[in-house]
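J.: Let me give you the structure first, and then I'll get to my questions.
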Amino acid sequence: MDNRQAIGSWLSGPRAAMEEAGADFGYRGEQLGLPEDGPGSIARPGRRLGALAVDWGLCLLIAYGLITDGYGQATGNWALLIFFVMSVLTVGTLGFTPGKRLFGLRVLALETGTVNPPRALLRTVLLCLALPALIWDRDGRGLHDRLAKTVEVRI
């Protein structure tokens, strides 16, 4: 092994190095019984972040225009509260928020396929804390999804 290969394996990360050594991790969602791509497959991080940005922008717009009439700390706080209520209500009843629908995503419960309001409440509380959403497993599910036993899939 020359230095370029050693540095390349370090830059690509531990997963790529293990795959090069012969380990088979499968695709995201394989352990959950989901397809590799297409409808019903695990949502990719770019789509998830895009949907979150749309939802957050919508909540900021509502807070700025209807509640605080100006931008400041209060606008961010109100936007978080609006995001919380919107997520609990829309994910708990429809399975998606406006941003998720725009990006073609849906939240499903692993056992039943539909998300009930208490499960949506747990998922949203953890999502609003932000840290659980930043810890992912090998299937690409955040800790908030794992604890709520949900998965975000493509429609």
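So you can find residues: chains in the structure tokens are A, B, ... in the order shown, residues in each start at 1, and ligands are numbered from 1 in order.
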For segment 82-93 of chain A, please output as a PDB file with N, CA and C atoms, in the first residue's frame all residues within 8 Å (counting only C-alpha atoms; exclusion window: fewer than 4 positions along the same chain).
T.:
ATOM      1  N   ASP A  55     -40.025  23.928   5.390  1.00  0.00           N
ATOM      2  CA  ASP A  55     -40.899  24.014   6.561  1.00  0.00           C
ATOM      3  C   ASP A  55     -40.465  25.131   7.498  1.00  0.00           C
ATOM      4  N   TRP A  56     -39.159  25.250   7.732  1.00  0.00           N
ATOM      5  CA  TRP A  56     -38.668  26.294   8.623  1.00  0.00           C
ATOM      6  C   TRP A  56     -38.917  27.678   8.029  1.00  0.00           C
ATOM      7  N   CYS A  59     -42.530  28.556   8.497  1.00  0.00           N
ATOM      8  CA  CYS A  59     -42.810  28.926   9.896  1.00  0.00           C
ATOM      9  C   CYS A  59     -42.251  30.314  10.226  1.00  0.00           C
ATOM     10  N   ALA A  63     -44.451  33.491  11.451  1.00  0.00           N
ATOM     11  CA  ALA A  63     -44.111  34.201  12.686  1.00  0.00           C
ATOM     12  C   ALA A  63     -43.793  35.668  12.411  1.00  0.00           C
ATOM     13  N   TRP A  78     -41.075  32.036  18.112  1.00  0.00           N
ATOM     14  CA  TRP A  78     -42.413  31.757  17.607  1.00  0.00           C
ATOM     15  C   TRP A  78     -42.354  30.777  16.432  1.00  0.00           C
ATOM     16  N   THR A  97     -45.273  16.935   6.244  1.00  0.00           N
ATOM     17  CA  THR A  97     -45.424  18.374   6.383  1.00  0.00           C
ATOM     18  C   THR A  97     -45.485  18.977   4.971  1.00  0.00           C
ATOM     19  N   VAL A 107     -43.475  10.238   6.287  1.00  0.00           N
ATOM     20  CA  VAL A 107     -43.029   9.564   7.502  1.00  0.00           C
ATOM     21  C   VAL A 107     -43.965   8.384   7.758  1.00  0.00           C
ATOM     22  N   VAL A 115     -48.462   6.974  10.935  1.00  0.00           N
ATOM     23  CA  VAL A 115     -47.954   7.597  12.158  1.00  0.00           C
ATOM     24  C   VAL A 115     -49.134   8.127  12.958  1.00  0.00           C
ATOM     25  N   ASN A 116     -49.249   7.695  14.209  1.00  0.00           N
ATOM     26  CA  ASN A 116     -50.314   8.215  15.067  1.00  0.00           C
ATOM     27  C   ASN A 116     -49.824   9.476  15.774  1.00  0.00           C
ATOM     28  N   PRO A 117     -50.728  10.313  16.298  1.00  0.00           N
ATOM     29  CA  PRO A 117     -50.325  11.575  16.921  1.00  0.00           C
ATOM     30  C   PRO A 117     -49.331  11.436  18.083  1.00  0.00           C
ATOM     31  N   PRO A 118     -49.452  10.466  19.002  1.00  0.00           N
ATOM     32  CA  PRO A 118     -48.440  10.376  20.059  1.00  0.00           C
ATOM     33  C   PRO A 118     -47.032  10.080  19.522  1.00  0.00           C
ATOM     34  N   ARG A 119     -46.950   9.238  18.507  1.00  0.00           N
ATOM     35  CA  ARG A 119     -45.648   8.936  17.899  1.00  0.00           C
ATOM     36  C   ARG A 119     -45.098  10.179  17.200  1.00  0.00           C
ATOM     37  N   ALA A 120     -45.976  10.935  16.538  1.00  0.00           N
ATOM     38  CA  ALA A 120     -45.555  12.174  15.883  1.00  0.00           C
ATOM     39  C   ALA A 120     -45.101  13.201  16.920  1.00  0.00           C
ATOM     40  N   LEU A 121     -45.760  13.230  18.072  1.00  0.00           N
ATOM     41  CA  LEU A 121     -45.367  14.141  19.144  1.00  0.00           C
ATOM     42  C   LEU A 121     -43.964  13.814  19.647  1.00  0.00           C
ATOM     43  N   THR A 124     -41.391  14.769  16.966  1.00  0.00           N
ATOM     44  CA  THR A 124     -41.228  16.211  16.818  1.00  0.00           C
ATOM     45  C   THR A 124     -40.491  16.821  18.001  1.00  0.00           C
ATOM     46  N   VAL A 125     -40.774  16.355  19.203  1.00  0.00           N
ATOM     47  CA  VAL A 125     -40.038  16.855  20.377  1.00  0.00           C
ATOM     48  C   VAL A 125     -38.549  16.584  20.202  1.00  0.00           C
ATOM     49  N   CYS A 128     -37.067  18.835  17.448  1.00  0.00           N
ATOM     50  CA  CYS A 128     -36.869  20.227  17.873  1.00  0.00           C
ATOM     51  C   CYS A 128     -35.667  20.373  18.805  1.00  0.00           C
TER      52      CYS A 128
END
J.: Within 7 Å of Ala109 of chain A, counting only C-alpha atoms, which residues show up once you throw out same-chain ones fewer than 6 positions away? Write them as a VMD selection string, please.
T.: chain A and resid 115 149 to 151
J.: Find the distance between atom CA of Glu152 of chain A and atom CA of Leu129 of chain A and write it in Å to one decimal.
T.: 18.1 Å
J.: Give the answer as one residue: which of A:Leu80, A:Val54, A:Val153, A:Leu105 has the shortest atom-to-atom distance to Asp37 of chain A, using only C-alpha atoms?
T.: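 Ranked by minimum distance to Asp37 of chain A, first place goes to A:Val153.
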J.: One decimal, in Å: what's the spacing between atom CA of Arg28 of chain A and atom CA of Leu94 of chain A?
T.: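 Computing the Euclidean distance for atom CA of Arg28 of chain A and atom CA of Leu94 of chain A yields 24.4 Å.
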J.: Which residues are close to Tyr27 of chain A, i.e. within 8 Å by only C-alpha atoms, leaving aside same-chain residues fewer than 3 positions away? Reply as a list in words.
T.: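 In the requested format, the answer is Glu30, Glu36 and Asp139 of chain A.
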J.: Let me see the file: selected residues, N, CA, C and O atoms, as a compact mmCIF listing (two decimals), in the first residue's frame.
T.:
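File selection_4.txt, as written:
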# COMPACT_ATOMS: atom_id res chain seq x y z
N GLU A 30 -32.15 -1.72 3.84
CA GLU A 30 -32.23 -3.16 3.58
C GLU A 30 -32.65 -3.92 4.85
O GLU A 30 -33.47 -4.82 4.79
N GLU A 36 -34.34 -0.51 -2.44
CA GLU A 36 -33.10 0.26 -2.54
C GLU A 36 -33.33 1.66 -3.11
O GLU A 36 -32.72 2.62 -2.65
N ASP A 139 -28.68 3.11 8.32
CA ASP A 139 -29.79 3.22 7.37
C ASP A 139 -30.13 4.67 7.06
O ASP A 139 -31.03 4.93 6.26
J.: Name the residues of chain A that fall into strand (DSSP E) according to DSSP on the backbone, using the chain letters and numbers of this document, as a PyMOL selection string.
T.: chain A and resi 105-109+150-154
J.: Restrict the selected residues to C-alpha atoms and save them as a JSON list (two decimals), in the first residue's frame.
T.:
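Written file, part.json:
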[["chain", "number", "residue", "atom", "x", "y", "z"],
["A", 105, "LEU", "CA", -41.31, 12.43, 1.34],
["A", 106, "ARG", "CA", -43.51, 10.74, 3.91],
["A", 107, "VAL", "CA", -43.03, 9.56, 7.50],
["A", 108, "LEU", "CA", -44.14, 6.00, 8.21],
["A", 109, "ALA", "CA", -44.30, 3.93, 11.38],
["A", 150, "THR", "CA", -40.54, 5.74, 12.27],
["A", 151, "VAL", "CA", -38.79, 6.05, 8.95],
["A", 152, "GLU", "CA", -38.86, 8.81, 6.35],
["A", 153, "VAL", "CA", -39.37, 7.40, 2.85],
["A", 154, "ARG", "CA", -39.87, 8.64, -0.69]]
J.: Write out as a ChimeraX atom specification all residues of segment 84-115 of chain A that DSSP puts in helix (DSSP H, G or I) for this structure's backbone.
T.: /A:84-93,98-102
J.: Write a file of the just-selected residues containing all heavy atoms, as a compact mmCIF listing (two decimals), in the first residue's frame.
T.:
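Done, and the output landed in again31.txt:
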# COMPACT_ATOMS: atom_id res chain seq x y z
N PHE A 84 -43.23 23.25 15.62
CA PHE A 84 -43.60 22.14 16.49
C PHE A 84 -45.07 21.75 16.27
O PHE A 84 -45.39 20.58 16.04
CB PHE A 84 -43.35 22.52 17.95
CG PHE A 84 -43.74 21.47 18.93
CD1 PHE A 84 -42.91 20.40 19.18
CD2 PHE A 84 -44.96 21.53 19.59
CE1 PHE A 84 -43.27 19.41 20.08
CE2 PHE A 84 -45.33 20.55 20.48
CZ PHE A 84 -44.49 19.49 20.74
N VAL A 85 -45.95 22.75 16.33
CA VAL A 85 -47.39 22.48 16.17
C VAL A 85 -47.69 21.94 14.77
O VAL A 85 -48.43 20.96 14.61
CB VAL A 85 -48.21 23.75 16.48
CG1 VAL A 85 -49.66 23.57 16.11
CG2 VAL A 85 -48.06 24.13 17.93
N MET A 86 -47.10 22.56 13.76
CA MET A 86 -47.33 22.12 12.39
C MET A 86 -46.86 20.68 12.19
O MET A 86 -47.55 19.86 11.58
CB MET A 86 -46.60 23.03 11.40
CG MET A 86 -46.78 22.61 9.95
SD MET A 86 -45.80 23.57 8.79
CE MET A 86 -44.15 22.98 9.18
N SER A 87 -45.68 20.34 12.70
CA SER A 87 -45.15 18.99 12.53
C SER A 87 -46.00 17.95 13.24
O SER A 87 -46.28 16.89 12.68
CB SER A 87 -43.71 18.92 13.03
OG SER A 87 -42.87 19.69 12.23
N VAL A 88 -46.39 18.24 14.47
CA VAL A 88 -47.22 17.28 15.21
C VAL A 88 -48.54 17.05 14.50
O VAL A 88 -48.98 15.91 14.32
CB VAL A 88 -47.45 17.75 16.67
CG1 VAL A 88 -48.49 16.89 17.35
CG2 VAL A 88 -46.15 17.70 17.45
N LEU A 89 -49.18 18.13 14.07
CA LEU A 89 -50.49 18.00 13.44
C LEU A 89 -50.42 17.35 12.06
O LEU A 89 -51.20 16.44 11.76
CB LEU A 89 -51.16 19.36 13.33
CG LEU A 89 -51.58 20.02 14.65
CD1 LEU A 89 -52.18 21.38 14.39
CD2 LEU A 89 -52.55 19.13 15.41
N THR A 90 -49.50 17.78 11.23
CA THR A 90 -49.47 17.26 9.86
C THR A 90 -48.85 15.87 9.77
O THR A 90 -49.37 15.02 9.06
CB THR A 90 -48.75 18.23 8.91
OG1 THR A 90 -47.41 18.46 9.38
CG2 THR A 90 -49.49 19.55 8.80
N VAL A 91 -47.77 15.62 10.49
CA VAL A 91 -47.17 14.29 10.46
C VAL A 91 -48.06 13.29 11.18
O VAL A 91 -48.21 12.14 10.75
CB VAL A 91 -45.74 14.30 11.05
CG1 VAL A 91 -45.21 12.89 11.22
CG2 VAL A 91 -44.80 15.10 10.17
N GLY A 92 -48.71 13.73 12.26
CA GLY A 92 -49.59 12.84 13.02
C GLY A 92 -50.88 12.48 12.31
O GLY A 92 -51.50 11.49 12.63
N THR A 93 -51.28 13.28 11.33
CA THR A 93 -52.53 12.99 10.63
C THR A 93 -52.29 12.57 9.17
O THR A 93 -52.86 11.58 8.72
CB THR A 93 -53.47 14.21 10.64
OG1 THR A 93 -52.78 15.33 10.07
CG2 THR A 93 -53.93 14.53 12.05
N PRO A 98 -45.76 20.26 4.83
CA PRO A 98 -45.76 20.85 3.47
C PRO A 98 -44.42 20.69 2.76
O PRO A 98 -44.38 20.40 1.56
CB PRO A 98 -46.09 22.33 3.73
CG PRO A 98 -46.88 22.32 4.99
CD PRO A 98 -46.30 21.21 5.82
N GLY A 99 -43.32 20.87 3.48
CA GLY A 99 -42.01 20.70 2.86
C GLY A 99 -41.74 19.26 2.44
O GLY A 99 -41.18 19.01 1.37
N LYS A 100 -42.12 18.31 3.27
CA LYS A 100 -41.95 16.90 2.93
C LYS A 100 -42.78 16.55 1.70
O LYS A 100 -42.33 15.82 0.81
CB LYS A 100 -42.34 16.01 4.11
CG LYS A 100 -41.35 16.03 5.25
CD LYS A 100 -41.78 15.08 6.33
CE LYS A 100 -41.03 15.19 7.62
NZ LYS A 100 -39.79 15.87 7.66
N ARG A 101 -43.99 17.06 1.62
CA ARG A 101 -44.84 16.79 0.47
C ARG A 101 -44.24 17.38 -0.80
O ARG A 101 -44.27 16.76 -1.86
CB ARG A 101 -46.24 17.35 0.71
CG ARG A 101 -47.19 17.10 -0.39
CD ARG A 101 -47.46 15.62 -0.52
NE ARG A 101 -48.37 15.40 -1.64
CZ ARG A 101 -48.44 14.29 -2.32
NH1 ARG A 101 -47.67 13.28 -2.00
NH2 ARG A 101 -49.27 14.17 -3.31
N LEU A 102 -43.70 18.59 -0.69
CA LEU A 102 -43.08 19.25 -1.83
C LEU A 102 -41.89 18.45 -2.35
O LEU A 102 -41.67 18.36 -3.56
CB LEU A 102 -42.65 20.67 -1.44
CG LEU A 102 -42.05 21.53 -2.52
CD1 LEU A 102 -43.11 21.87 -3.57
CD2 LEU A 102 -41.49 22.80 -1.93
J.: Quick one: of A:Leu127, A:Ile155, A:Leu143, A:Leu60, who's nearest to Gly104 of chain A, counting only C-alpha atoms?
T.: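 So, comparing all the options, the nearest one is A:Ile155.
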J.: For atom CA of Gly95 of chain A and atom CA of Gly113 of chain A, quote the distance in Å rounded to one decimal.
T.: 9.5 Å
J.: Got a sec: who's within 10 Å of Trp136 of chain A, counting only C-alpha atoms, leaving out chain neighbours fewer than 6 positions off, as a list in words?
T.: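 The residues satisfying every condition are Gly142, Leu143, His144, Asp145 and Arg146 of chain A.
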J.: Include N, CA, C and O atoms and write out the residues we just selected as a short mmCIF file (atom, residue, chain, number, x, y, z; two decimals), in the first residue's frame.
T.:
data_model
loop_
_atom_site.label_atom_id
_atom_site.label_comp_id
_atom_site.auth_asym_id
_atom_site.auth_seq_id
_atom_site.Cartn_x
_atom_site.Cartn_y
_atom_site.Cartn_z
N GLY A 142 -32.34 9.20 11.66
CA GLY A 142 -31.87 9.94 12.82
C GLY A 142 -32.34 9.27 14.11
O GLY A 142 -33.24 8.42 14.11
N LEU A 143 -31.72 9.65 15.21
CA LEU A 143 -32.09 9.09 16.51
C LEU A 143 -33.56 9.39 16.83
O LEU A 143 -34.23 8.58 17.46
N HIS A 144 -34.07 10.54 16.36
CA HIS A 144 -35.48 10.87 16.60
C HIS A 144 -36.39 9.87 15.89
O HIS A 144 -37.43 9.49 16.42
N ASP A 145 -36.00 9.40 14.71
CA ASP A 145 -36.78 8.38 14.01
C ASP A 145 -36.65 7.01 14.67
O ASP A 145 -37.62 6.26 14.75
N ARG A 146 -35.47 6.68 15.13
CA ARG A 146 -35.28 5.37 15.77
C ARG A 146 -36.08 5.26 17.06
O ARG A 146 -36.72 4.25 17.32
#
J.: Give the answer as one residue: which of A:Leu147, A:Glu111, A:Asp137, A:Phe103 has the shortest atom-to-atom distance to Arg48 of chain A, using only C-alpha atoms?
T.: A:Phe103
